[in-house]
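Undergrad: So here's coords_17.txt (compact mmCIF, C-alpha atoms).
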```txt
# COMPACT_ATOMS: atom_id res chain seq x y z
CA MET Z 840 116.36 131.81 127.52
CA LEU Z 841 112.57 131.61 127.45
CA THR Z 842 112.38 130.95 131.18
CA GLY Z 843 114.55 133.99 131.81
CA LEU Z 844 112.39 136.19 129.60
CA PHE Z 845 109.25 135.17 131.47
CA GLU Z 846 110.95 135.64 134.84
CA GLY Z 847 112.19 139.10 133.90
CA ALA Z 848 108.78 140.17 132.60
CA ARG Z 849 107.14 138.88 135.77
CA GLU Z 850 109.59 140.77 137.99
CA ASP Z 851 109.11 143.99 136.03
CA ALA Z 852 105.32 143.66 136.23
CA ALA Z 853 105.48 143.04 139.99
CA ARG Z 854 107.54 146.20 140.39
CA ARG Z 855 105.00 148.20 138.39
CA GLU Z 856 102.17 146.72 140.44
CA ARG Z 857 103.77 147.91 143.67
CA THR Z 858 103.70 151.43 142.24
CA LEU Z 859 100.32 151.18 140.52
CA PRO Z 860 98.03 148.57 142.13
CA LEU Z 861 95.60 146.46 140.13
CA HIS Z 862 92.53 148.53 140.98
CA ASP Z 863 94.24 151.65 139.64
CA VAL Z 864 95.24 149.87 136.45
CA GLU Z 865 91.64 148.71 136.06
CA LYS Z 866 90.47 152.33 136.31
CA ARG Z 867 92.90 153.29 133.56
CA ALA Z 868 91.76 150.36 131.44
CA ARG Z 869 88.14 151.45 131.75
CA ALA Z 870 89.13 154.97 130.70
CA ALA Z 871 91.17 153.81 127.69
CA ARG Z 872 89.95 154.42 124.15
CA PRO Z 873 87.47 151.80 122.85
CA VAL Z 874 88.87 148.46 121.74
CA ARG Z 875 89.37 147.92 118.02
CA ASP Z 876 88.29 144.58 116.61
CA GLY Z 877 91.38 142.46 116.07
CA LEU Z 878 89.44 139.51 114.65
CA ARG Z 879 87.81 141.69 112.02
CA ALA Z 880 91.15 143.30 111.18
CA LEU Z 881 92.66 139.88 110.42
CA ALA Z 882 89.63 138.27 108.76
CA PRO Z 883 90.42 136.16 105.68
CA ARG Z 884 90.63 138.10 102.41
CA ASP Z 885 92.20 137.91 98.95
CA THR Z 886 95.46 139.51 100.08
CA ILE Z 887 97.50 138.61 103.13
CA HIS Z 888 97.40 140.69 106.30
CA VAL Z 889 100.61 142.13 107.70
CA ILE Z 890 101.12 142.49 111.44
CA ALA Z 891 103.97 145.02 111.45
CA GLU Z 892 106.18 145.03 114.50
CA ILE Z 893 108.05 147.75 116.36
CA LYS Z 894 111.16 145.98 117.56
CA ARG Z 895 114.45 147.56 118.62
CA LYS Z 896 116.51 144.47 119.40
CA SER Z 897 116.28 140.77 120.12
CA PRO Z 898 118.24 138.14 122.07
CA SER Z 899 119.18 136.36 118.83
CA LYS Z 900 120.24 139.38 116.73
CA GLY Z 901 121.10 142.06 119.27
CA GLU Z 902 120.51 145.68 118.25
CA LEU Z 903 118.29 146.02 115.20
CA ALA Z 904 117.25 149.67 115.06
CA PRO Z 905 117.19 152.55 117.57
CA ILE Z 906 113.55 153.56 116.75
CA SER Z 907 113.60 156.90 118.53
CA ASP Z 908 110.11 157.65 117.18
CA PRO Z 909 107.89 154.56 117.33
CA VAL Z 910 104.82 156.63 116.44
CA SER Z 911 106.31 157.74 113.13
CA LEU Z 912 107.23 154.13 112.31
CA ALA Z 913 103.75 152.92 113.22
CA LEU Z 914 102.16 155.54 110.98
CA ASP Z 915 104.40 154.40 108.13
CA TYR Z 916 103.26 150.83 108.72
CA GLU Z 917 99.62 151.90 108.71
CA ALA Z 918 100.05 153.94 105.54
CA GLY Z 919 101.66 150.92 103.89
CA GLY Z 920 98.60 148.80 104.53
CA ALA Z 921 99.41 146.97 107.77
CA SER Z 922 96.32 145.47 109.41
CA VAL Z 923 97.72 145.41 112.96
CA ILE Z 924 100.69 147.04 114.69
CA SER Z 925 102.65 144.83 117.09
CA VAL Z 926 104.52 146.67 119.83
CA LEU Z 927 107.16 144.81 121.83
CA THR Z 928 106.88 146.09 125.38
CA GLU Z 929 109.53 143.85 126.99
CA GLY Z 930 112.39 146.13 128.01
CA ARG Z 931 115.31 143.96 129.07
CA ALA Z 932 115.98 141.93 125.93
CA PHE Z 933 113.89 143.78 123.32
CA GLY Z 934 114.18 147.44 124.33
CA GLY Z 935 110.43 148.05 124.36
CA SER Z 936 108.08 149.75 126.80
CA LEU Z 937 104.44 150.27 127.70
CA GLU Z 938 104.98 153.92 126.82
CA ASP Z 939 105.66 152.84 123.23
CA LEU Z 940 102.40 150.91 123.27
CA ALA Z 941 100.35 153.82 124.59
CA ALA Z 942 101.84 156.32 122.15
CA VAL Z 943 101.33 154.06 119.12
CA SER Z 944 97.80 153.15 120.17
CA GLU Z 945 96.79 156.81 120.33
CA ALA Z 946 98.35 157.62 116.96
CA VAL Z 947 97.06 154.89 114.65
CA GLN Z 948 93.55 153.86 113.63
CA ILE Z 949 94.15 150.10 113.39
CA PRO Z 950 94.37 147.52 116.19
CA VAL Z 951 97.51 147.29 118.28
CA LEU Z 952 99.00 144.11 119.75
CA ARG Z 953 100.98 144.03 122.97
CA LYS Z 954 103.80 141.55 122.44
CA ASP Z 955 105.46 140.49 125.67
CA PHE Z 956 105.92 137.50 127.95
CA LEU Z 957 102.58 137.64 129.72
CA GLU Z 958 101.52 135.28 132.48
CA THR Z 959 99.54 137.38 135.00
CA GLU Z 960 96.14 139.03 134.93
CA TYR Z 961 97.80 142.31 135.88
CA GLN Z 962 99.87 142.27 132.68
CA VAL Z 963 96.77 141.65 130.56
CA ILE Z 964 94.80 144.48 132.14
CA GLU Z 965 97.72 146.91 131.94
CA ALA Z 966 97.90 146.08 128.23
CA ARG Z 967 94.32 147.41 127.85
CA ALA Z 968 95.16 150.39 130.08
CA HIS Z 969 97.89 151.31 127.58
CA GLY Z 970 95.65 150.91 124.54
CA ALA Z 971 96.18 147.31 123.44
CA ASP Z 972 93.48 145.62 121.37
CA LEU Z 973 95.23 142.25 121.26
CA ILE Z 974 97.74 140.48 123.46
CA LEU Z 975 100.26 137.73 122.75
CA LEU Z 976 100.11 134.48 124.73
CA ILE Z 977 103.02 132.07 124.29
CA MET Z 978 102.04 128.45 124.86
CA ALA Z 979 105.67 127.40 125.42
CA GLY Z 980 105.66 129.39 128.68
CA LEU Z 981 102.11 128.80 129.89
CA SER Z 982 100.02 125.90 131.10
CA ASP Z 983 96.71 125.32 129.36
CA GLU Z 984 94.90 126.54 132.47
CA ARG Z 985 96.90 129.73 132.68
CA ALA Z 986 96.60 130.47 128.95
CA LEU Z 987 92.84 129.88 129.07
CA ARG Z 988 92.51 132.18 132.08
CA LEU Z 989 94.51 134.98 130.46
CA MET Z 990 92.59 134.62 127.21
CA GLY Z 991 89.39 134.93 129.22
CA VAL Z 992 90.62 138.06 130.99
CA ALA Z 993 91.54 139.58 127.63
CA LYS Z 994 88.06 138.88 126.27
CA ASP Z 995 86.47 140.29 129.43
CA TRP Z 996 88.18 143.56 128.53
CA GLY Z 997 87.16 143.33 124.87
CA MET Z 998 90.56 142.21 123.57
CA GLN Z 999 91.62 139.22 121.50
CA ALA Z 1000 94.61 136.94 122.07
CA LEU Z 1001 97.11 135.87 119.44
CA VAL Z 1002 98.14 132.50 120.83
CA GLU Z 1003 101.63 131.52 119.74
CA ALA Z 1004 102.86 127.97 119.16
CA HIS Z 1005 106.05 126.37 117.87
CA THR Z 1006 105.40 122.63 118.05
CA PRO Z 1007 102.54 120.34 116.97
CA GLY Z 1008 101.63 119.87 120.62
CA GLU Z 1009 101.47 123.61 121.22
CA VAL Z 1010 99.28 124.14 118.16
CA ASP Z 1011 96.92 121.44 119.43
CA ARG Z 1012 96.89 123.01 122.90
CA ALA Z 1013 96.15 126.48 121.50
CA ILE Z 1014 93.25 125.12 119.48
CA GLY Z 1015 92.13 123.05 122.45
CA ILE Z 1016 91.66 126.11 124.66
CA GLY Z 1017 89.55 127.76 121.96
CA ALA Z 1018 91.99 130.29 120.50
CA ASP Z 1019 90.53 132.26 117.60
CA ILE Z 1020 93.93 133.44 116.33
CA VAL Z 1021 96.91 131.08 116.40
CA GLY Z 1022 100.42 132.02 115.34
CA VAL Z 1023 103.12 129.56 114.38
CA ASN Z 1024 106.52 131.01 115.21
CA ALA Z 1025 109.28 129.73 112.94
CA ARG Z 1026 111.76 130.79 115.63
CA ASP Z 1027 112.23 128.30 118.43
CA LEU Z 1028 112.01 130.34 121.64
CA VAL Z 1029 114.29 127.88 123.41
CA THR Z 1030 117.14 127.74 120.87
CA PHE Z 1031 116.16 130.84 118.82
CA GLU Z 1032 116.86 128.89 115.62
CA LEU Z 1033 114.62 129.42 112.57
CA ASP Z 1034 112.69 126.75 110.67
CA PRO Z 1035 110.98 128.33 107.61
CA THR Z 1036 109.18 125.04 106.85
CA LEU Z 1037 107.41 124.87 110.20
CA PHE Z 1038 104.26 126.84 109.38
CA GLY Z 1039 103.40 124.76 106.33
CA ALA Z 1040 103.84 121.56 108.32
CA MET Z 1041 101.43 122.82 111.00
CA VAL Z 1042 98.61 124.02 108.72
CA PRO Z 1043 96.81 120.61 108.54
CA ARG Z 1044 96.32 120.79 112.32
CA PHE Z 1045 94.18 123.93 112.06
CA PRO Z 1046 90.39 123.56 111.96
CA GLU Z 1047 88.25 125.85 109.83
CA GLY Z 1048 87.52 129.18 111.43
CA VAL Z 1049 90.84 129.64 113.24
CA LEU Z 1050 92.91 132.52 111.90
CA ARG Z 1051 96.41 131.38 110.93
CA VAL Z 1052 99.38 133.69 111.49
CA ALA Z 1053 102.89 132.90 110.26
CA GLU Z 1054 105.53 134.48 112.49
CA SER Z 1055 109.24 135.03 111.75
CA ALA Z 1056 111.36 133.92 108.77
CA VAL Z 1057 110.08 136.79 106.62
CA ALA Z 1058 112.87 138.69 104.88
CA VAL Z 1059 111.59 139.27 101.33
CA SER Z 1060 108.29 139.25 99.48
CA GLN Z 1061 108.84 135.67 98.33
CA ASP Z 1062 108.69 134.56 101.96
CA VAL Z 1063 105.28 136.18 102.32
CA THR Z 1064 104.10 134.55 99.08
CA ARG Z 1065 105.23 131.16 100.37
CA TYR Z 1066 103.33 131.60 103.61
CA ARG Z 1067 100.23 132.76 101.75
CA GLU Z 1068 100.34 129.75 99.46
CA GLN Z 1069 100.63 127.51 102.52
CA GLY Z 1070 97.45 129.00 103.98
CA ALA Z 1071 98.48 131.94 106.16
CA HIS Z 1072 95.90 134.65 106.73
CA ALA Z 1073 98.55 136.98 108.15
CA VAL Z 1074 102.29 137.30 108.66
CA LEU Z 1075 103.94 138.92 111.64
CA VAL Z 1076 107.08 140.78 110.55
CA GLY Z 1077 109.54 142.81 112.59
CA GLU Z 1078 113.22 142.60 111.68
CA ALA Z 1079 112.72 142.96 107.91
CA LEU Z 1080 110.75 146.16 108.48
CA VAL Z 1081 112.81 147.91 111.15
CA THR Z 1082 116.12 147.27 109.37
CA GLY Z 1083 114.90 148.39 105.94
CA ALA Z 1084 115.26 151.84 104.43
CA ASN Z 1085 111.58 152.31 103.59
CA PRO Z 1086 109.24 150.46 105.98
CA ARG Z 1087 106.08 151.83 104.35
CA GLN Z 1088 107.12 150.53 100.93
CA ARG Z 1089 108.18 147.18 102.40
CA VAL Z 1090 104.77 146.72 104.04
CA GLU Z 1091 103.09 147.55 100.73
CA GLU Z 1092 105.25 144.93 99.00
CA PHE Z 1093 104.40 142.30 101.60
CA VAL Z 1094 100.66 142.99 101.43
CA ALA Z 1095 100.78 142.62 97.65
CA ALA Z 1096 103.02 139.53 97.66
```
Go through the file and emit its structure as structure tokens.
TA:
Amino acid sequence: MLTGLFEGAREDAARRERTLPLHDVEKRARAARPVRDGLRALAPRDTIHVIAEIKRKSPSKGELAPISDPVSLALDYEAGGASVISVLTEGRAFGGSLEDLAAVSEAVQIPVLRKDFLETEYQVIEARAHGADLILLIMAGLSDERALRLMGVAKDWGMQALVEAHTPGEVDRAIGIGADIVGVNARDLVTFELDPTLFGAMVPRFPEGVLRVAESAVAVSQDVTRYREQGAHAVLVGEALVTGANPRQRVEEFVAA
């Protein structure tokens, strides 16, 4: 599944690059609004940060929500106290788009994360061209050399990388390449099964100074409280927000948990 997601994202990016070459994307990236500081937005504080995700569907759950107006949803997230908005831009399995990213980035005042299966410099730069302040890098699909290169490209353009891991080895690799923000995804991207205990087991591997993000397995406020007690600086939440009746209120509850 993960291999297919990366292959599809790579094919889609190559098609876009044939239409809009790298030098044109770089021009758009230079003309994009100034980067917002993702590290500052997620800095440790007394309450937990929420990275609120715009997510229409997933390979494991299928259709989640139609989200005809991602801007309205993003504004609800922001009003509820979200620190960062995550926008899934992968179209085949998740129903996202770069157009969603650009529209949300222009509408909100907080940093925006491009969440996709990124493995080329073109994809990183087009993220900035569409208003991203952070990008997601998934260690399960990248070599250390490739992840380090993409993280460097992101920083060259003023962005930060949220580097995602699922195993002890991937956490060590993420820290080894100098990631400032590391996420532990409770969902195995190979089997798509959830392990709510995974984040807590990984925390001892984190050195001081690395921001810790707990991803997935958040359904209710108690889940956020558990992650906070285990040492999370932030939680990344999608499904529980897009399937709820009042996303603004749910974000408020999670921030206060």
Undergrad: At most 10 Å from (89.7, 125.9, 112.5), file frame, all atoms listed in the file: which residues, as a list in words?
TA: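 Checking each residue against the 10 Å limit leaves Ile1014, Gly1017, Ala1018, Asp1019, Ile1020, Val1021, Val1042, Pro1043, Arg1044, Phe1045, Pro1046, Glu1047, Gly1048, Val1049, Leu1050 and Arg1051 of chain Z.
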Undergrad: Taking (107.0, 150.6, 129.1) in the coordinates of the supplied file, I want to know which residues reach to within 10 Å of it, counting all atoms listed in the file; could you give the answer as a list of chain:residue names?
TA: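 Protein, DNA and RNA residues close to (107.0, 150.6, 129.1): Z:Asp851, Z:Arg855, Z:Leu927, Z:Thr928, Z:Glu929, Z:Gly930, Z:Gly934, Z:Gly935, Z:Ser936, Z:Leu937, Z:Glu938, Z:Asp939, Z:Leu940, Z:Ala941, Z:His969.
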Undergrad: Can you build me a table of range 904-969 of chain Z residues sitting at most 7 Å from range 1062-1086 of chain Z, with the closest atom pair per residue and its distance in Å to one decimal, using only C-alpha atoms, sorted by chain and residue number, as a tab-separated table?
TA:
```
residue	atom	partner	partner_atom	distance
Z:Ala904	CA	Z:Val1081	CA	6.2
Z:Asp915	CA	Z:Pro1086	CA	6.6
Z:Tyr916	CA	Z:Pro1086	CA	6.6
```
Undergrad: Given only C-alpha atoms as the basis, pick out the residue of Z:Glu945, Z:Glu1032, Z:Glu1054, Z:Glu917 nearest to Val874 in chain Z.
TA: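 Of all the options, Z:Glu945 lies closest to Val874 in chain Z.
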Undergrad: I'd like the interatomic distance between CA of Met990 in chain Z and CA of Ile964 in chain Z, to a tenth of an Å.
TA: 11.2 Å
